[in-house]
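Reproduced below: input.tsv, with TSV, C-alpha atoms.
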chain	number	residue	atom	x	y	z
A	1	MET	CA	94.35	90.55	115.01
A	2	THR	CA	93.56	90.56	111.34
A	3	LYS	CA	96.21	88.97	109.16
A	4	PHE	CA	97.36	90.40	105.87
A	5	PHE	CA	97.71	88.44	102.66
A	6	PHE	CA	100.88	89.78	101.08
A	7	PHE	CA	101.19	90.14	97.36
A	8	LEU	CA	104.27	89.85	95.19
A	9	PHE	CA	104.46	91.88	92.03
A	10	THR	CA	107.35	92.41	89.68
A	11	SER	CA	108.01	94.78	86.81
A	12	VAL	CA	111.00	95.66	84.66
A	13	MET	CA	111.22	99.28	83.46
A	14	ILE	CA	113.74	101.54	81.72
A	15	GLY	CA	114.41	105.17	82.66
A	16	SER	CA	117.11	107.81	83.09
A	17	GLY	CA	118.22	110.86	85.05
A	18	LEU	CA	116.59	111.63	88.40
A	19	GLY	CA	116.22	115.32	89.13
A	20	THR	CA	116.94	116.76	92.56
A	21	VAL	CA	114.13	119.14	93.42
A	22	ALA	CA	113.63	119.89	97.09
A	23	GLU	CA	110.93	122.51	97.56
A	24	ALA	CA	108.58	122.09	100.47
A	25	SER	CA	104.80	122.40	100.27
A	26	LYS	CA	101.61	120.41	100.50
A	27	ALA	CA	100.58	122.00	97.20
A	28	ARG	CA	103.61	120.60	95.37
A	29	LEU	CA	103.14	117.08	96.69
A	30	GLU	CA	99.39	117.07	95.99
A	31	ALA	CA	99.97	118.37	92.45
A	32	LEU	CA	102.33	115.41	91.90
A	33	GLY	CA	99.83	112.88	93.28
A	34	GLN	CA	101.70	112.30	96.56
A	35	GLY	CA	100.61	112.47	100.21
A	36	ALA	CA	100.62	115.82	102.00
A	37	ASP	CA	102.77	114.34	104.79
A	38	GLY	CA	105.63	113.39	102.47
A	39	SER	CA	106.62	111.08	99.65
A	40	TYR	CA	108.70	107.90	99.54
A	41	PHE	CA	109.84	108.84	96.03
A	42	ILE	CA	109.78	112.59	95.32
A	43	ASN	CA	112.58	114.58	96.97
A	44	ASP	CA	110.78	117.19	99.07
A	45	ASN	CA	111.37	118.86	102.41
A	46	ARG	CA	107.96	117.74	103.74
A	47	ASN	CA	109.32	114.18	103.76
A	48	ILE	CA	110.42	114.86	107.35
A	49	PHE	CA	106.78	114.24	108.35
A	50	LEU	CA	107.05	110.75	106.88
A	51	ASN	CA	110.62	109.88	107.91
A	52	PRO	CA	112.35	112.34	110.30
A	53	ALA	CA	115.81	111.16	109.17
A	54	THR	CA	115.32	112.95	105.82
A	55	ILE	CA	115.87	116.25	107.63
A	56	ILE	CA	119.64	115.71	107.25
A	57	GLY	CA	121.14	117.75	104.41
A	58	MET	CA	118.19	120.12	104.01
A	59	ASN	CA	118.73	123.84	103.69
A	60	ASN	CA	118.04	126.10	106.64
A	61	GLN	CA	114.54	127.33	105.91
A	62	LEU	CA	111.23	128.72	107.04
A	63	ASN	CA	108.06	127.32	105.47
A	64	ILE	CA	104.49	128.52	105.88
A	65	GLU	CA	101.29	126.77	104.76
A	66	VAL	CA	98.51	129.34	104.37
A	67	GLY	CA	95.19	128.11	105.73
A	68	ASN	CA	92.60	128.06	108.49
A	69	ASN	CA	92.63	127.16	112.17
A	70	GLY	CA	90.33	124.70	113.93
A	71	GLY	CA	91.18	121.79	111.63
A	72	VAL	CA	89.46	123.28	108.58
A	73	ASN	CA	91.12	122.31	105.29
A	74	PRO	CA	93.51	123.77	104.23
A	75	LYS	CA	95.04	123.79	107.70
A	76	ALA	CA	97.37	126.63	108.68
A	77	GLU	CA	100.80	125.34	109.72
A	78	GLY	CA	104.44	126.24	109.51
A	79	GLY	CA	107.90	125.80	110.90
A	80	LEU	CA	111.63	125.96	110.37
A	81	ILE	CA	114.66	123.73	109.84
A	82	HIS	CA	118.06	124.79	111.14
A	83	SER	CA	121.44	123.03	111.21
A	84	ASN	CA	124.53	123.53	113.37
A	85	GLU	CA	127.57	121.49	114.43
A	86	VAL	CA	125.43	119.29	116.71
A	87	GLY	CA	122.92	118.22	114.05
A	88	THR	CA	119.78	119.38	112.28
A	89	PHE	CA	116.82	120.65	114.27
A	90	GLY	CA	113.23	121.26	113.26
A	91	LEU	CA	110.22	122.94	114.83
A	92	HIS	CA	106.74	122.81	113.30
A	93	LEU	CA	103.49	124.32	114.56
A	94	GLY	CA	99.87	123.47	113.80
A	95	ARG	CA	100.18	120.24	111.81
A	96	LEU	CA	97.46	117.60	112.04
A	97	GLY	CA	99.58	114.53	112.71
A	98	MET	CA	98.79	110.82	112.72
A	99	GLY	CA	96.71	110.96	115.92
A	100	ALA	CA	94.52	113.88	114.84
A	101	GLN	CA	94.04	112.28	111.43
A	102	ASN	CA	92.91	109.03	113.07
A	103	ILE	CA	90.38	110.88	115.25
A	104	SER	CA	88.97	112.70	112.20
A	105	ARG	CA	88.62	109.42	110.28
A	106	ALA	CA	86.81	107.85	113.25
A	107	GLU	CA	84.35	110.78	113.21
A	108	THR	CA	83.58	110.20	109.54
A	109	ASP	CA	83.42	106.43	109.81
A	110	LEU	CA	81.23	106.28	112.92
A	111	THR	CA	79.26	109.49	112.12
A	112	TYR	CA	79.64	111.17	115.48
A	113	VAL	CA	81.31	114.43	116.50
A	114	LEU	CA	84.55	114.39	118.48
A	115	PHE	CA	86.67	117.16	119.94
A	116	ASN	CA	89.89	117.36	117.91
A	117	PRO	CA	93.40	118.05	119.27
A	118	GLN	CA	94.68	121.48	118.25
A	119	ASN	CA	97.74	123.75	118.41
A	120	SER	CA	100.21	120.91	117.91
A	121	VAL	CA	103.95	121.34	118.37
A	122	GLU	CA	106.37	118.99	116.60
A	123	LEU	CA	110.10	118.79	117.33
A	124	PHE	CA	112.71	117.14	115.09
A	125	PHE	CA	116.33	116.17	115.43
A	126	GLY	CA	118.59	114.42	112.93
A	127	ARG	CA	122.28	113.57	112.71
A	128	ASP	CA	124.64	111.95	110.24
A	129	LEU	CA	126.27	108.89	111.81
A	130	GLY	CA	128.93	107.93	109.29
A	131	GLY	CA	126.87	107.26	106.18
A	132	PHE	CA	123.56	106.67	107.96
A	133	ASN	CA	121.22	109.54	108.67
A	134	VAL	CA	119.14	108.98	111.80
A	135	GLY	CA	116.31	111.15	113.02
A	136	ALA	CA	113.48	111.37	115.51
A	137	SER	CA	110.43	113.53	116.05
A	138	LEU	CA	107.84	114.09	118.76
A	139	LEU	CA	104.43	115.67	118.13
A	140	TYR	CA	102.35	116.86	121.09
A	141	SER	CA	98.91	118.41	121.33
A	142	ASN	CA	96.70	118.80	124.40
A	143	SER	CA	93.46	120.78	124.07
A	144	LYS	CA	90.68	121.37	126.60
A	145	SER	CA	87.45	123.34	126.89
A	146	ASP	CA	85.95	123.51	130.39
A	147	THR	CA	82.76	125.58	130.83
A	148	GLY	CA	83.25	125.82	134.59
A	149	GLU	CA	80.97	125.22	137.55
A	150	THR	CA	78.16	127.65	136.58
A	151	VAL	CA	77.27	126.11	133.24
A	152	ASN	CA	79.20	122.92	133.94
A	153	LEU	CA	78.66	121.19	130.56
A	154	PRO	CA	79.63	120.62	127.79
A	155	ASP	CA	83.30	119.91	128.51
A	156	ASP	CA	85.82	118.77	125.92
A	157	LYS	CA	89.36	117.48	125.94
A	158	ALA	CA	91.68	115.83	123.42
A	159	SER	CA	95.35	114.92	123.44
A	160	VAL	CA	97.85	113.19	121.19
A	161	MET	CA	101.54	112.38	121.49
A	162	THR	CA	103.24	110.68	118.56
A	163	MET	CA	106.86	109.55	118.34
A	164	LYS	CA	108.73	108.73	115.12
A	165	VAL	CA	112.20	107.35	114.54
A	166	GLY	CA	113.86	106.73	111.21
A	167	THR	CA	117.01	106.14	109.19
A	168	HIS	CA	117.86	107.16	105.66
A	169	ASN	CA	120.69	107.08	103.12
A	170	ASP	CA	121.09	106.99	99.33
A	171	SER	CA	119.98	103.34	99.09
A	172	PHE	CA	117.06	102.98	101.48
A	173	GLY	CA	115.00	104.57	104.20
A	174	ALA	CA	112.80	103.24	106.99
A	175	PHE	CA	110.73	104.69	109.84
A	176	PHE	CA	108.47	103.67	112.69
A	177	ALA	CA	105.69	105.85	114.12
A	178	TYR	CA	103.90	105.11	117.39
A	179	SER	CA	101.14	106.96	119.23
A	180	ILE	CA	102.02	107.19	122.91
A	181	ASN	CA	98.66	108.83	123.56
A	182	GLU	CA	95.63	109.38	121.29
A	183	GLU	CA	92.27	110.24	122.83
A	184	SER	CA	89.26	112.54	122.68
A	185	LYS	CA	86.31	113.01	125.07
A	186	THR	CA	83.24	115.23	125.01
A	187	GLU	CA	80.75	115.32	127.88
A	188	ASP	CA	77.53	117.04	126.77
A	189	LEU	CA	75.38	115.82	129.65
A	190	ALA	CA	76.08	113.61	132.62
A	191	SER	CA	74.76	110.64	130.65
A	192	VAL	CA	75.93	111.69	127.15
A	193	ILE	CA	79.63	111.11	126.61
A	194	ARG	CA	81.39	110.79	123.25
A	195	GLU	CA	84.79	109.17	123.39
A	196	TYR	CA	87.69	107.90	121.29
A	197	GLU	CA	90.73	106.16	122.78
A	198	ALA	CA	93.38	104.41	120.71
A	199	THR	CA	94.65	101.18	122.23
A	200	SER	CA	97.15	100.58	119.41
A	201	SER	CA	98.22	103.09	116.76
A	202	MET	CA	101.39	102.61	114.74
A	203	LYS	CA	102.88	102.80	111.27
A	204	LEU	CA	105.94	101.14	109.75
A	205	GLY	CA	107.31	102.05	106.32
A	206	GLY	CA	110.35	101.93	104.12
A	207	VAL	CA	111.72	102.50	100.63
A	208	TYR	CA	114.50	100.76	98.71
A	209	ASN	CA	116.24	102.25	95.67
A	210	LEU	CA	116.96	99.53	93.10
A	211	ASN	CA	118.76	102.14	91.00
A	212	ASP	CA	118.53	105.87	90.27
A	213	ASN	CA	115.22	105.43	88.47
A	214	LEU	CA	113.43	102.52	90.13
A	215	LYS	CA	112.26	102.47	93.76
A	216	LEU	CA	110.06	100.17	95.84
A	217	SER	CA	108.17	101.12	99.01
A	218	ALA	CA	106.08	99.30	101.61
A	219	GLN	CA	103.94	100.59	104.45
A	220	VAL	CA	101.91	98.83	107.16
A	221	THR	CA	99.44	100.67	109.39
A	222	GLN	CA	97.70	99.29	112.48
A	223	LEU	CA	94.99	101.12	114.42
A	224	ASP	CA	92.71	99.81	117.19
A	225	PHE	CA	90.50	102.07	119.28
A	226	LYS	CA	87.58	102.08	121.72
A	227	PHE	CA	84.61	104.35	121.05
A	228	ASN	CA	81.41	105.70	122.56
A	229	ASN	CA	79.13	107.64	120.21
A	230	GLY	CA	77.11	109.21	123.02
A	231	ALA	CA	73.90	107.59	121.83
A	232	GLY	CA	74.19	104.20	123.46
A	233	LEU	CA	76.66	102.56	121.08
A	234	THR	CA	80.04	101.54	122.46
A	235	GLY	CA	82.60	99.12	121.13
A	236	THR	CA	85.96	98.69	119.46
A	237	SER	CA	87.17	99.28	115.93
A	238	GLY	CA	90.25	98.05	114.11
A	239	GLN	CA	92.00	98.99	110.89
A	240	GLN	CA	94.93	97.38	109.10
A	241	ASP	CA	96.43	98.66	105.85
A	242	LEU	CA	99.16	97.27	103.63
A	243	VAL	CA	100.49	99.45	100.80
A	244	LEU	CA	103.12	98.38	98.24
A	245	ASN	CA	104.28	100.77	95.53
A	246	MET	CA	106.81	100.99	92.73
A	247	TYR	CA	108.16	104.28	91.35
A	248	ASN	CA	109.70	104.55	87.89
A	249	HIS	CA	111.47	107.74	86.84
A	250	LEU	CA	111.05	107.80	83.05
A	251	VAL	CA	113.06	110.85	82.04
A	252	GLY	CA	114.33	114.09	83.45
A	253	ASP	CA	116.89	116.24	85.21
A	254	LYS	CA	116.71	118.99	87.81
A	255	GLU	CA	114.60	121.15	85.46
A	256	PHE	CA	112.17	118.52	84.12
A	257	PHE	CA	111.06	115.01	85.01
A	258	VAL	CA	108.27	112.54	84.23
A	259	PHE	CA	107.40	109.54	86.41
A	260	TYR	CA	104.73	107.04	87.28
A	261	THR	CA	103.90	104.95	90.33
A	262	VAL	CA	101.97	101.68	90.48
A	263	GLY	CA	101.15	99.55	93.47
A	264	ILE	CA	98.62	97.52	95.37
A	265	THR	CA	96.75	98.39	98.57
A	266	GLN	CA	94.85	96.04	100.86
A	267	ALA	CA	92.84	97.42	103.76
A	268	LYS	CA	90.44	95.99	106.29
A	269	GLN	CA	88.26	97.66	108.92
A	270	THR	CA	86.10	96.08	111.63
A	271	LYS	CA	83.58	97.46	114.13
A	272	ASP	CA	82.64	95.30	117.09
A	273	TYR	CA	79.75	96.79	119.09
A	274	ASP	CA	79.25	95.91	122.75
A	275	THR	CA	75.47	95.80	122.27
A	276	VAL	CA	74.43	92.32	121.15
A	277	SER	CA	71.66	93.63	118.89
A	278	ALA	CA	73.96	96.04	117.02
A	279	ASN	CA	75.28	95.10	113.60
A	280	ASP	CA	79.02	94.42	113.69
A	281	VAL	CA	80.74	95.56	110.51
A	282	GLU	CA	83.51	94.13	108.33
A	283	GLU	CA	84.79	96.19	105.43
A	284	SER	CA	87.66	95.43	103.07
A	285	GLN	CA	89.25	97.16	100.08
A	286	MET	CA	91.75	96.07	97.50
A	287	TYR	CA	92.89	98.38	94.75
A	288	LEU	CA	95.75	99.00	92.36
A	289	PRO	CA	96.54	102.74	92.24
A	290	LEU	CA	98.33	104.15	89.18
A	291	ALA	CA	99.65	107.71	89.09
A	292	ILE	CA	101.42	109.62	86.31
A	293	GLY	CA	103.06	112.96	87.01
A	294	ALA	CA	105.51	115.54	85.70
A	295	GLU	CA	107.25	118.69	86.86
A	296	ALA	CA	109.01	121.25	84.64
A	297	GLN	CA	110.90	124.45	85.38
A	298	VAL	CA	109.82	126.40	82.30
A	299	LYS	CA	111.43	129.67	83.43
A	300	ASP	CA	113.95	130.58	86.11
A	301	TRP	CA	111.02	131.95	88.11
A	302	LEU	CA	108.28	129.44	87.17
A	303	THR	CA	107.79	125.69	87.73
A	304	LEU	CA	104.71	123.82	86.50
A	305	ARG	CA	103.56	120.40	87.72
A	306	ALA	CA	100.59	118.07	87.23
A	307	SER	CA	99.45	114.49	87.79
A	308	VAL	CA	96.61	112.06	87.13
A	309	LYS	CA	95.76	109.24	89.54
A	310	GLN	CA	93.29	106.37	89.33
A	311	ASN	CA	92.66	102.89	90.70
A	312	THR	CA	93.12	100.61	87.68
A	313	LEU	CA	92.20	96.97	86.93
A	314	ILE	CA	91.70	96.14	90.62
A	315	ASP	CA	89.35	98.36	92.62
A	316	ASN	CA	87.13	96.32	94.93
A	317	THR	CA	85.27	97.19	98.14
A	318	GLU	CA	83.14	94.84	100.25
A	319	LEU	CA	80.97	95.88	103.20
A	320	LYS	CA	79.31	93.28	105.45
A	321	ASN	CA	77.03	93.48	108.46
A	322	ALA	CA	73.93	91.62	109.59
A	323	ALA	CA	71.77	93.35	106.98
A	324	THR	CA	74.19	94.15	104.14
A	325	ASP	CA	76.67	92.42	101.87
A	326	LEU	CA	77.58	95.19	99.43
A	327	LYS	CA	80.30	94.73	96.81
A	328	THR	CA	81.47	97.48	94.47
A	329	SER	CA	84.26	97.58	91.90
A	330	ASN	CA	85.86	99.97	89.42
A	331	LEU	CA	83.80	103.06	90.27
A	332	ASP	CA	85.11	106.33	88.82
A	333	ASP	CA	87.87	107.77	91.03
A	334	THR	CA	90.14	109.59	88.58
A	335	VAL	CA	91.85	112.57	90.24
A	336	ILE	CA	93.61	115.37	88.37
A	337	SER	CA	95.93	117.78	90.19
A	338	ALA	CA	97.96	120.69	88.84
A	339	GLY	CA	99.95	123.51	90.36
A	340	LEU	CA	102.87	125.88	90.01
A	341	GLY	CA	105.81	127.31	91.89
A	342	LEU	CA	106.99	130.92	91.69
A	343	HIS	CA	110.68	131.48	92.52
A	344	PHE	CA	112.07	134.81	93.71
A	345	GLY	CA	115.66	134.23	94.77
A	346	LYS	CA	115.54	132.35	98.08
A	347	VAL	CA	111.74	132.58	98.29
A	348	THR	CA	109.33	130.11	96.65
A	349	ILE	CA	105.55	130.43	96.53
A	350	ASP	CA	103.65	127.24	95.66
A	351	GLY	CA	99.98	126.65	94.97
A	352	LEU	CA	97.43	124.37	93.36
A	353	LEU	CA	95.47	125.58	90.35
A	354	GLU	CA	91.99	126.13	91.78
A	355	GLY	CA	90.24	124.77	88.67
A	356	ALA	CA	92.04	121.43	88.99
A	357	ARG	CA	91.36	121.14	92.72
A	358	SER	CA	87.66	122.10	92.53
A	359	GLY	CA	86.99	119.87	89.54
A	360	THR	CA	85.45	122.65	87.44
A	361	GLY	CA	88.27	122.61	84.90
A	362	ASN	CA	88.19	126.41	84.84
A	363	ILE	CA	91.02	128.77	85.74
A	364	SER	CA	89.37	131.70	87.50
A	365	GLY	CA	90.94	135.08	88.12
A	366	ASN	CA	88.84	135.35	91.28
A	367	SER	CA	90.47	132.27	92.84
A	368	PHE	CA	93.60	131.36	90.88
A	369	LEU	CA	95.67	129.41	93.45
A	370	ALA	CA	94.64	127.14	96.33
A	371	ASN	CA	96.66	125.68	99.24
A	372	ALA	CA	99.24	128.44	98.89
A	373	SER	CA	102.56	128.14	100.71
A	374	LEU	CA	105.76	130.12	101.14
A	375	ASN	CA	109.27	128.75	101.61
A	376	TYR	CA	112.27	130.91	102.51
A	377	SER	CA	115.78	129.37	102.48
A	378	TYR	CA	118.54	131.06	104.44
Just dump the structure as structure tokens.
Amino acid sequence: MTKFFFFLFTSVMIGSGLGTVAEASKARLEALGQGADGSYFINDNRNIFLNPATIIGMNNQLNIEVGNNGGVNPKAEGGLIHSNEVGTFGLHLGRLGMGAQNISRAETDLTYVLFNPQNSVELFFGRDLGGFNVGASLLYSNSKSDTGETVNLPDDKASVMTMKVGTHNDSFGAFFAYSINEESKTEDLASVIREYEATSSMKLGGVYNLNDNLKLSAQVTQLDFKFNNGAGLTGTSGQQDLVLNMYNHLVGDKEFFVFYTVGITQAKQTKDYDTVSANDVEESQMYLPLAIGAEAQVKDWLTLRASVKQNTLIDNTELKNAATDLKTSNLDDTVISAGLGLHFGKVTIDGLLEGARSGTGNISGNSFLANASLNYSY
């Protein structure tokens, strides 16, 4: 097991007035430089995918993410949140959860094609227990393609089951995610099998509010899996990530706010091949991400938002195997995102400006918004 070297960093900042905006869309979070599966800092309804306890207190709603099927980005997904006297329930369809994301990353990292789990169903439940919100979720996907006895091959199957539990209140939040099952297998020929099987896949995270304007978060991820690339290479791979971040809310209210986040990330990946002659790999990264963002409701019906994100001062990657010892640092990775929200009573339509997402810098009438979503509160 790879050990982490933890880093302590301190900063004193001044700010005022945290706004309470709670729309729900991948487009909004991406435009503000946050993760599509939720934010530790920005109040948004998609935070249930990070910590299921945040479902407490949310409006009854239906939300739809416009997109494609088959795992193509942007991915089509959608669901609802509904409360009653028992608690708050959620149902979401089509999301690529932690397990599917891990399988996709293994494909990219090991450059082989895997069958991906599809048609996921995710269930949520949350309840207020006297000042502490507690919640849990379960995501399940089980996909199979069997060509039958006549053709016989290829055959594919993939399945994931991920459980999350969490707690949340005005001062702090914490969650734990664990993959009960996470595997993929493709059999092209009797002797050609491509496989992925997680032996350990989990994530632990939390956030602490020092005051209304200053928050700290930490997240640890552990992933170990066995693989077979179908071309004679089998082995195990491991990944450990540590992410520390600070959020400072500089100014704002419910109609306008400006913020920045700064943190440090340390990651390490290993590949241990069963074949003695293969080159085992060790890769490590350390970087200091800085993001600056703002959101403004300029009209009753229009909200604009944008962010810039970059690894600053520290941005190092090292890759080692039997033939390579490659070190890189401070390569250009500046990312600009921008988007808008259109409000029509209880309905909100969000999207990213296509020019910002594509990197052209142009706003085209042919493709004005990307990653469009619709949220209806009831």
Point to revise | Å distance separating atom CA of A:Leu129 from atom CA of A:Gly90, one decimal place | key: 18.0 Å
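Nearest residue to A:Asn51 among A:Gly148, A:Pro117, A:Gly97, A:Gly166 is A:Gly166, counting all atoms listed in the file.
For the point (94.0, 116.6, 92.4), the residues with an atom at a distance of at most 8 Å are Glu30, Ala31, Gly33, Ser307, Val308, Val335, Ile336, Ser337, Ala338, Ala356 and Arg357 of chain A, counting all atoms listed in the file.
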Practice item. Would you mind listing what lies within 8 Å of A:Glu295 as a ChimeraX atom specification, with only C-alpha atoms counted and same-chain residues fewer than 6 positions away left out? Key: /A:32,255-258,303-306
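Going from atom CA of A:Leu250 over to atom CA of A:Ala296, you cover 13.7 Å.
Using only C-alpha atoms, the nearest neighbour of A:Leu216 within the list A:Ser171, A:Thr111, A:Gln239, A:Asn43 is A:Ser171.
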Study note, to complete from the structure: If you count all atoms listed in the file, the residue of A:His92, A:Asp274, A:Leu340, A:Gly131 closest to A:Val298 turns out to be A:Leu340
Around all the atoms of stretch 89-97 of chain A listed in the file, with 3 Å of room on each side, what axis-aligned box do you get, giving centre and edge lengths in Å to one decimal, as JSON?
{"center_x": 107.1, "center_y": 119.4, "center_z": 113.3, "size_x": 25.4, "size_y": 15.8, "size_z": 9.0}
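Atom pair atom CA of A:Thr261 / atom CA of A:Leu214: separated by 9.8 Å.
Proximity of A:Asn245, A:Asn45, A:Asn152, A:Thr88 to A:Leu189, computed with only C-alpha atoms, is greatest for A:Asn152.
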Practice item. Excluding A:Gly345 and any residue of its chain fewer than 5 positions from it, enumerate the residues within 12 Å of it, using only C-alpha atoms, and give them as a PyMOL selection string. Key: chain A and resi 300-302+375-378
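Nearest to A:Lys215 of all the residues A:Ile81, A:Leu29, A:Ile42, A:Leu326 is A:Ile42, based on all atoms listed in the file.
Closest to A:Asn209 among A:Ile103, A:Ala231, A:Ala174, A:Ile314 is A:Ala174, based on only C-alpha atoms.
Near (105.8, 105.9, 102.0), the residues that fall inside 10 Å on the basis of all atoms listed in the file are A:Gln34, A:Gly35, A:Asp37, A:Gly38, A:Ser39, A:Tyr40, A:Phe41, A:Asn47, A:Leu50, A:Asn51, A:Gly173, A:Ala174, A:Phe175, A:Leu204, A:Gly205, A:Gly206, A:Val207, A:Leu216, A:Ser217, A:Ala218, A:Gln219, A:Val220, A:Val243, A:Leu244, A:Asn245.
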Between stretch 12-101 of chain A and stretch 134-147 of chain A, at 10 Å or less, what are the per-residue closest atom pairs and their distances in Å? Count all atoms listed in the file, order by chain and rising residue number, and return it as a Markdown table.
| residue | atom | partner | partner_atom | distance |
| --- | --- | --- | --- | --- |
| A:Ile48 | CA | A:Ser137 | CA | 8.8 |
| A:Phe49 | CA | A:Ser137 | CA | 8.6 |
| A:Asn51 | CA | A:Gly135 | CA | 7.8 |
| A:Pro52 | CA | A:Gly135 | CA | 4.9 |
| A:Ala53 | CA | A:Gly135 | CA | 3.9 |
| A:Thr54 | CA | A:Gly135 | CA | 7.5 |
| A:Ile55 | CA | A:Gly135 | CA | 7.4 |
| A:Ile56 | CA | A:Gly135 | CA | 8.1 |
| A:Gly87 | CA | A:Gly135 | CA | 9.7 |
| A:Thr88 | CA | A:Gly135 | CA | 9.0 |
| A:Phe89 | CA | A:Gly135 | CA | 9.6 |
| A:Gly90 | CA | A:Ser137 | CA | 8.7 |
| A:Leu91 | CA | A:Ser137 | CA | 9.5 |
| A:His92 | CA | A:Leu139 | CA | 8.9 |
| A:Leu93 | CA | A:Leu139 | CA | 9.4 |
| A:Gly94 | CA | A:Ser141 | CA | 9.1 |
| A:Arg95 | CA | A:Leu139 | CA | 8.9 |
| A:Leu96 | CA | A:Ser141 | CA | 9.4 |
| A:Gly97 | CA | A:Leu139 | CA | 7.4 |
| A:Met98 | CA | A:Leu139 | CA | 9.2 |
| A:Gly99 | CA | A:Leu139 | CA | 9.3 |
| A:Ala100 | CA | A:Ser141 | CA | 9.1 |
**Study point:** Spatial neighbours of A:Thr186, max dist 8 Å, all atoms listed in the file, sep filter under 5 positions, as number ranges by chain
**Key:** A: 114-115, 154-157, 193-195
